[in-house]
Each structure stands twice: as structure tokens, then as C-alpha cells.
Amino acid sequence: MWKTPQTYGRRYSGQMRLKLYFSAIKENAMSGTNPTPPITLRKPSHGGGSIMLWGCFSSAGTVKLVRIEGMMDVSKYREILEGNLFRSSRDLKLGRRFTFQQDNDPKHTAKATLEWFKGENLNVLEWPSQSPDLNPIENLWYDLKIAVHQRNSSNFKELEQFCLGEWAKIPVARCAKLIETYPKRLAAVIAEKGVFGGGVLALGGE
């Protein structure tokens, strides 16, 4: 089904925690297929910390990031979806005719969350348990971390502003390429992983 035009009507969502200070990024870290050299960052005087972000994208590009304030629980997740999901879809010109992807985080699969999806008549991609993490938004999170860490933010407000700015600058072509190459990555996972422990092929992915 990934080869059909429906692929381009998909929405990929996820959360990321981005630290104010990382000592380094491993030399063998990968973004897609491109190796990234190590990056050393200065430590803020107040000791560092992190912020959590929610974002989504489609082959049409990214939309505004949302900073998650407070504890991320089922109630907070629904609040984020209610306030941002369909607005983001309009910005991407998808309307409501799209398939939404998330992983099997307990907040995502909670009864209250599933009831909300059902109430909104939203098509959610089934994600089998024990699936490899193939959500393509992970590639964009990595791109964002590299770009933001190079700017050496000194406080949380600055870190948030850098995140919003760099996320908005991610090219549409980058988003579209992640979707276009997805079938090849699925095939690679099948070739490498094949069958998981219980004999069930688990593909829940990008």
C-alpha cells in the first residue's frame, strides 16, 4: 500500500526531548544515510536541561512545533492533538483525508485517546507491537538536533526559538524524500530483521 498515492496523504507525528546541552554527538551517528561528524558544544552556565516538543509532517512539509509544558500524559496528549492536529492538516492542505501515524506509547494507545480518534473519524495507522521504530519523523528530529546544537543556545527560551526556526526551514524536498524512499527502507528491515521472536513480522513504520 505504500506505493499508492495515499502515501502522500499521510501525517507523521512524534515527540522529542531536546537538551540544552550535549557534550558531543557520536562520530558514527547517522541521519538517513549521511554520516555526521562529532560536534562539541559549550555548557550553559546554569547547568543545562531540556524541553519537550511535539511535531508532525507530511510529504508536503513540516508545520509549527509545539512545546509541551508540564507532564506529558494522556490528557496532555489529547490536548495537543485537539489544538494542533487538524490545524496542521489544513496548513498542509490535507483536510481530514489523511492517515495519522504514531507509535505504541501508552499515551497514544490509551482508551481515552483511541476514543478521541474514533470520535473524530480519524484514520490511524495500525502499529504492531514490537515493531522497529521506523517513523520518518525520527530522521527530522535528528536533523533538528544537529541544526539547533550548532547554534549553542544559552537558555530555554532561546532553545525553543532556535527549534521553531530550524524546524520551519526543513525543506519540503527532505520531507518528500523520506516518504518516497520508505518502501526501500521497509524492504531493508525485512531483509535484516525478517521475523521477530514469536514468528510475527512486525512492520509499523514511517
# chains A, B, ... in the order shown; residues from 1 in each chain; ligands from 1
call {"tool": "residues_around", "arguments": {"residues": "Phe86 of chain A", "least_positions_apart": "6", "cutoff": "12 Å", "atoms": "only C-alpha atoms", "output": "ChimeraX atom specification"}}
result
/A:11,56,63,80,92-100,117,120-122
call {"tool": "write_last_selection", "arguments": {"atoms": "all heavy atoms", "output": "tab-separated table (two decimals), in the first residue's frame"}}
result
chain	number	residue	atom	x	y	z
A	11	ARG	N	0.21	11.57	7.59
A	11	ARG	CA	0.76	12.52	8.55
A	11	ARG	C	1.54	11.74	9.58
A	11	ARG	O	1.05	10.75	10.12
A	11	ARG	CB	-0.39	13.26	9.25
A	11	ARG	CG	-1.05	14.32	8.43
A	11	ARG	CD	-0.23	15.59	8.45
A	11	ARG	NE	0.02	15.98	9.83
A	11	ARG	CZ	-0.91	16.54	10.60
A	11	ARG	NH1	-2.12	16.75	10.16
A	11	ARG	NH2	-0.61	16.87	11.84
A	56	CYS	N	4.71	17.36	13.66
A	56	CYS	CA	4.25	16.42	12.64
A	56	CYS	C	4.64	16.96	11.27
A	56	CYS	O	4.99	18.13	11.12
A	56	CYS	CB	2.74	16.20	12.74
A	56	CYS	SG	1.76	17.69	12.52
A	63	VAL	N	4.99	21.46	9.89
A	63	VAL	CA	4.16	22.53	10.44
A	63	VAL	C	4.76	22.94	11.79
A	63	VAL	O	5.72	22.34	12.25
A	63	VAL	CB	2.69	22.08	10.62
A	63	VAL	CG1	2.03	21.90	9.27
A	63	VAL	CG2	2.61	20.80	11.43
A	80	ILE	N	-2.94	18.35	23.01
A	80	ILE	CA	-2.08	18.72	21.89
A	80	ILE	C	-2.73	18.38	20.56
A	80	ILE	O	-2.74	19.17	19.61
A	80	ILE	CB	-0.72	18.03	22.02
A	80	ILE	CG1	0.07	18.62	23.18
A	80	ILE	CG2	0.09	18.17	20.72
A	80	ILE	CD1	1.33	17.87	23.52
A	92	LEU	N	-1.15	22.07	5.80
A	92	LEU	CA	-0.52	21.20	4.82
A	92	LEU	C	-1.45	20.87	3.65
A	92	LEU	O	-1.10	20.09	2.77
A	92	LEU	CB	-0.05	19.90	5.47
A	92	LEU	CG	1.10	20.04	6.48
A	92	LEU	CD1	1.29	18.73	7.24
A	92	LEU	CD2	2.39	20.44	5.79
A	93	LYS	N	-2.66	21.47	3.72
A	93	LYS	CA	-3.66	21.28	2.65
A	93	LYS	C	-4.07	19.81	2.50
A	93	LYS	O	-4.26	19.32	1.39
A	93	LYS	CB	-3.15	21.85	1.33
A	93	LYS	CG	-2.95	23.36	1.35
A	93	LYS	CD	-2.47	23.89	0.01
A	93	LYS	CE	-2.46	25.41	-0.01
A	93	LYS	NZ	-1.70	26.03	1.07
A	94	LEU	N	-4.18	19.12	3.64
A	94	LEU	CA	-4.60	17.72	3.63
A	94	LEU	C	-6.06	17.56	4.02
A	94	LEU	O	-6.63	16.49	3.83
A	94	LEU	CB	-3.74	16.90	4.60
A	94	LEU	CG	-2.26	16.78	4.29
A	94	LEU	CD1	-1.56	15.99	5.39
A	94	LEU	CD2	-2.03	16.10	2.95
A	95	GLY	N	-6.65	18.62	4.58
A	95	GLY	CA	-8.01	18.48	5.08
A	95	GLY	C	-8.06	17.42	6.16
A	95	GLY	O	-7.20	17.35	7.02
A	96	ARG	N	-9.08	16.57	6.10
A	96	ARG	CA	-9.17	15.45	7.05
A	96	ARG	C	-8.97	14.11	6.36
A	96	ARG	O	-9.14	13.06	6.97
A	96	ARG	CB	-10.53	15.46	7.76
A	96	ARG	CG	-10.67	16.61	8.75
A	96	ARG	CD	-11.71	16.28	9.79
A	96	ARG	NE	-11.79	17.30	10.83
A	96	ARG	CZ	-12.27	17.08	12.04
A	96	ARG	NH1	-12.72	15.89	12.37
A	96	ARG	NH2	-12.33	18.05	12.93
A	97	ARG	N	-8.62	14.15	5.11
A	97	ARG	CA	-8.44	12.90	4.36
A	97	ARG	C	-6.97	12.48	4.43
A	97	ARG	O	-6.23	12.59	3.46
A	97	ARG	CB	-8.90	13.08	2.91
A	97	ARG	CG	-10.37	13.44	2.79
A	97	ARG	CD	-10.79	13.50	1.34
A	97	ARG	NE	-10.65	12.20	0.68
A	97	ARG	CZ	-10.91	12.00	-0.60
A	97	ARG	NH1	-11.30	13.00	-1.37
A	97	ARG	NH2	-10.75	10.79	-1.13
A	98	PHE	N	-6.58	12.03	5.59
A	98	PHE	CA	-5.22	11.57	5.77
A	98	PHE	C	-5.20	10.43	6.78
A	98	PHE	O	-6.15	10.21	7.51
A	98	PHE	CB	-4.30	12.71	6.25
A	98	PHE	CG	-4.66	13.26	7.60
A	98	PHE	CD1	-4.15	12.69	8.77
A	98	PHE	CD2	-5.51	14.35	7.72
A	98	PHE	CE1	-4.47	13.19	10.01
A	98	PHE	CE2	-5.84	14.86	8.97
A	98	PHE	CZ	-5.33	14.29	10.11
A	99	THR	N	-4.09	9.69	6.79
A	99	THR	CA	-3.88	8.63	7.77
A	99	THR	C	-2.83	9.12	8.76
A	99	THR	O	-1.76	9.57	8.35
A	99	THR	CB	-3.39	7.34	7.09
A	99	THR	OG1	-4.42	6.88	6.20
A	99	THR	CG2	-3.11	6.25	8.13
A	100	PHE	N	-3.14	9.01	10.03
A	100	PHE	CA	-2.27	9.52	11.08
A	100	PHE	C	-1.40	8.40	11.63
A	100	PHE	O	-1.90	7.31	11.91
A	100	PHE	CB	-3.11	10.12	12.20
A	100	PHE	CG	-2.32	10.74	13.31
A	100	PHE	CD1	-1.54	11.86	13.09
A	100	PHE	CD2	-2.36	10.21	14.59
A	100	PHE	CE1	-0.82	12.44	14.12
A	100	PHE	CE2	-1.65	10.79	15.62
A	100	PHE	CZ	-0.88	11.91	15.39
A	117	PHE	N	-9.85	9.56	18.77
A	117	PHE	CA	-9.64	9.30	17.34
A	117	PHE	C	-10.94	8.83	16.68
A	117	PHE	O	-11.30	9.29	15.61
A	117	PHE	CB	-8.56	8.24	17.14
A	117	PHE	CG	-7.16	8.71	17.39
A	117	PHE	CD1	-6.27	7.93	18.13
A	117	PHE	CD2	-6.71	9.92	16.89
A	117	PHE	CE1	-4.98	8.36	18.36
A	117	PHE	CE2	-5.42	10.35	17.11
A	117	PHE	CZ	-4.55	9.58	17.85
A	120	GLU	N	-13.47	11.56	16.23
A	120	GLU	CA	-13.10	12.50	15.16
A	120	GLU	C	-13.07	11.82	13.79
A	120	GLU	O	-12.72	12.46	12.81
A	120	GLU	CB	-11.72	13.10	15.46
A	120	GLU	CG	-11.66	13.95	16.71
A	120	GLU	CD	-12.46	15.25	16.56
A	120	GLU	OE1	-12.70	15.67	15.40
A	120	GLU	OE2	-12.84	15.83	17.59
A	121	ASN	N	-13.44	10.54	13.74
A	121	ASN	CA	-13.40	9.77	12.48
A	121	ASN	C	-12.04	9.85	11.82
A	121	ASN	O	-11.92	10.02	10.60
A	121	ASN	CB	-14.48	10.27	11.52
A	121	ASN	CG	-15.88	10.04	12.04
A	121	ASN	OD1	-16.18	8.95	12.52
A	121	ASN	ND2	-16.72	11.06	11.96
A	122	LEU	N	-11.01	9.73	12.64
A	122	LEU	CA	-9.65	9.85	12.14
A	122	LEU	C	-9.05	8.47	11.89
A	122	LEU	O	-9.12	7.58	12.74
A	122	LEU	CB	-8.79	10.59	13.18
A	122	LEU	CG	-7.34	10.88	12.81
A	122	LEU	CD1	-7.27	11.74	11.55
A	122	LEU	CD2	-6.64	11.60	13.95
call {"tool": "residues_around", "arguments": {"residues": "Ala168 of chain A", "least_positions_apart": "3", "cutoff": "12 Å", "atoms": "only C-alpha atoms", "output": "PyMOL selection string"}}
result
chain A and resi 55-57+61-65+140+143-144+147+161-165+171-172+175
call {"tool": "closest_residue", "arguments": {"among": "A:Tyr142, A:Trp116, A:Tyr182, A:Trp127", "to": "Asn104 of chain A", "atoms": "only C-alpha atoms"}}
result
A:Trp127
call {"tool": "select_by_dssp", "arguments": {"residues": "segment 90-155 of chain A", "states": "helix (DSSP H, G or I)", "output": "number ranges by chain"}}
result
A: 90-91, 106-109, 111-119, 137-149
call {"tool": "write_last_selection", "arguments": {"atoms": "N, CA and C atoms", "output": "JSON list (two decimals), in the first residue's frame"}}
result
[["chain", "number", "residue", "atom", "x", "y", "z"],
["A", 90, "ARG", "N", -4.77, 21.41, 7.88],
["A", 90, "ARG", "CA", -5.20, 22.48, 6.99],
["A", 90, "ARG", "C", -4.00, 23.23, 6.43],
["A", 91, "ASP", "N", -3.00, 23.47, 7.28],
["A", 91, "ASP", "CA", -1.80, 24.17, 6.81],
["A", 91, "ASP", "C", -1.10, 23.39, 5.71],
["A", 106, "PRO", "N", 2.11, 4.24, 25.53],
["A", 106, "PRO", "CA", 0.85, 4.06, 26.27],
["A", 106, "PRO", "C", -0.10, 5.25, 26.18],
["A", 107, "LYS", "N", 0.44, 6.46, 26.08],
["A", 107, "LYS", "CA", -0.42, 7.64, 25.96],
["A", 107, "LYS", "C", -1.16, 7.63, 24.62],
["A", 108, "HIS", "N", -0.50, 7.07, 23.61],
["A", 108, "HIS", "CA", -1.08, 7.05, 22.27],
["A", 108, "HIS", "C", -2.16, 5.99, 22.13],
["A", 109, "THR", "N", -2.01, 4.91, 22.87],
["A", 109, "THR", "CA", -2.94, 3.78, 22.74],
["A", 109, "THR", "C", -3.93, 3.68, 23.89],
["A", 111, "LYS", "N", -7.21, 4.17, 26.18],
["A", 111, "LYS", "CA", -8.62, 4.11, 25.78],
["A", 111, "LYS", "C", -9.17, 5.49, 25.46],
["A", 112, "ALA", "N", -8.83, 6.49, 26.27],
["A", 112, "ALA", "CA", -9.33, 7.85, 26.05],
["A", 112, "ALA", "C", -8.83, 8.41, 24.73],
["A", 113, "THR", "N", -7.57, 8.11, 24.39],
["A", 113, "THR", "CA", -7.00, 8.60, 23.13],
["A", 113, "THR", "C", -7.68, 7.92, 21.95],
["A", 114, "LEU", "N", -7.86, 6.61, 22.02],
["A", 114, "LEU", "CA", -8.48, 5.88, 20.93],
["A", 114, "LEU", "C", -9.93, 6.31, 20.74],
["A", 115, "GLU", "N", -10.61, 6.61, 21.83],
["A", 115, "GLU", "CA", -11.99, 7.09, 21.73],
["A", 115, "GLU", "C", -12.03, 8.46, 21.06],
["A", 116, "TRP", "N", -11.02, 9.28, 21.32],
["A", 116, "TRP", "CA", -10.97, 10.59, 20.68],
["A", 116, "TRP", "C", -10.77, 10.44, 19.17],
["A", 117, "PHE", "N", -9.85, 9.56, 18.77],
["A", 117, "PHE", "CA", -9.64, 9.30, 17.34],
["A", 117, "PHE", "C", -10.94, 8.83, 16.68],
["A", 118, "LYS", "N", -11.63, 7.92, 17.36],
["A", 118, "LYS", "CA", -12.87, 7.39, 16.82],
["A", 118, "LYS", "C", -13.92, 8.48, 16.70],
["A", 119, "GLY", "N", -14.02, 9.31, 17.72],
["A", 119, "GLY", "CA", -14.99, 10.40, 17.70],
["A", 119, "GLY", "C", -14.73, 11.40, 16.59],
["A", 137, "ILE", "N", 9.68, 10.65, 11.10],
["A", 137, "ILE", "CA", 9.89, 11.89, 11.84],
["A", 137, "ILE", "C", 11.16, 11.81, 12.68],
["A", 138, "GLU", "N", 11.61, 10.59, 13.00],
["A", 138, "GLU", "CA", 12.85, 10.44, 13.75],
["A", 138, "GLU", "C", 14.04, 11.01, 12.97],
["A", 139, "ASN", "N", 14.00, 10.88, 11.65],
["A", 139, "ASN", "CA", 15.06, 11.47, 10.82],
["A", 139, "ASN", "C", 15.04, 12.99, 10.92],
["A", 140, "LEU", "N", 13.83, 13.56, 10.95],
["A", 140, "LEU", "CA", 13.73, 15.02, 11.06],
["A", 140, "LEU", "C", 14.12, 15.51, 12.44],
["A", 141, "TRP", "N", 13.80, 14.72, 13.48],
["A", 141, "TRP", "CA", 14.24, 15.09, 14.84],
["A", 141, "TRP", "C", 15.77, 15.16, 14.88],
["A", 142, "TYR", "N", 16.41, 14.20, 14.23],
["A", 142, "TYR", "CA", 17.87, 14.20, 14.23],
["A", 142, "TYR", "C", 18.41, 15.42, 13.49],
["A", 143, "ASP", "N", 17.82, 15.74, 12.34],
["A", 143, "ASP", "CA", 18.22, 16.93, 11.60],
["A", 143, "ASP", "C", 18.08, 18.18, 12.48],
["A", 144, "LEU", "N", 16.98, 18.23, 13.21],
["A", 144, "LEU", "CA", 16.72, 19.39, 14.06],
["A", 144, "LEU", "C", 17.76, 19.50, 15.17],
["A", 145, "LYS", "N", 18.07, 18.37, 15.80],
["A", 145, "LYS", "CA", 19.06, 18.40, 16.88],
["A", 145, "LYS", "C", 20.41, 18.91, 16.38],
["A", 146, "ILE", "N", 20.84, 18.43, 15.23],
["A", 146, "ILE", "CA", 22.12, 18.87, 14.68],
["A", 146, "ILE", "C", 22.11, 20.37, 14.43],
["A", 147, "ALA", "N", 21.05, 20.86, 13.79],
["A", 147, "ALA", "CA", 20.97, 22.28, 13.45],
["A", 147, "ALA", "C", 20.93, 23.16, 14.70],
["A", 148, "VAL", "N", 20.14, 22.75, 15.70],
["A", 148, "VAL", "CA", 19.98, 23.57, 16.90],
["A", 148, "VAL", "C", 21.24, 23.54, 17.76],
["A", 149, "HIS", "N", 21.87, 22.40, 17.88],
["A", 149, "HIS", "CA", 23.07, 22.30, 18.71],
["A", 149, "HIS", "C", 24.21, 23.13, 18.14]]
call {"tool": "closest_residue", "arguments": {"among": "A:Ala60, A:Lys157, A:Trp54, A:Pro136", "to": "Glu79 of chain A", "atoms": "only C-alpha atoms"}}
result
A:Trp54
call {"tool": "closest_residue", "arguments": {"among": "A:Leu159, A:Leu81, A:Leu134, A:Met72", "to": "Lys184 of chain A", "atoms": "only C-alpha atoms"}}
result
A:Leu134
call {"tool": "atom_distance", "arguments": {"atom1": "atom CA of Ala176 of chain A", "atom2": "atom CA of Ser58 of chain A"}}
result
7.4 Å
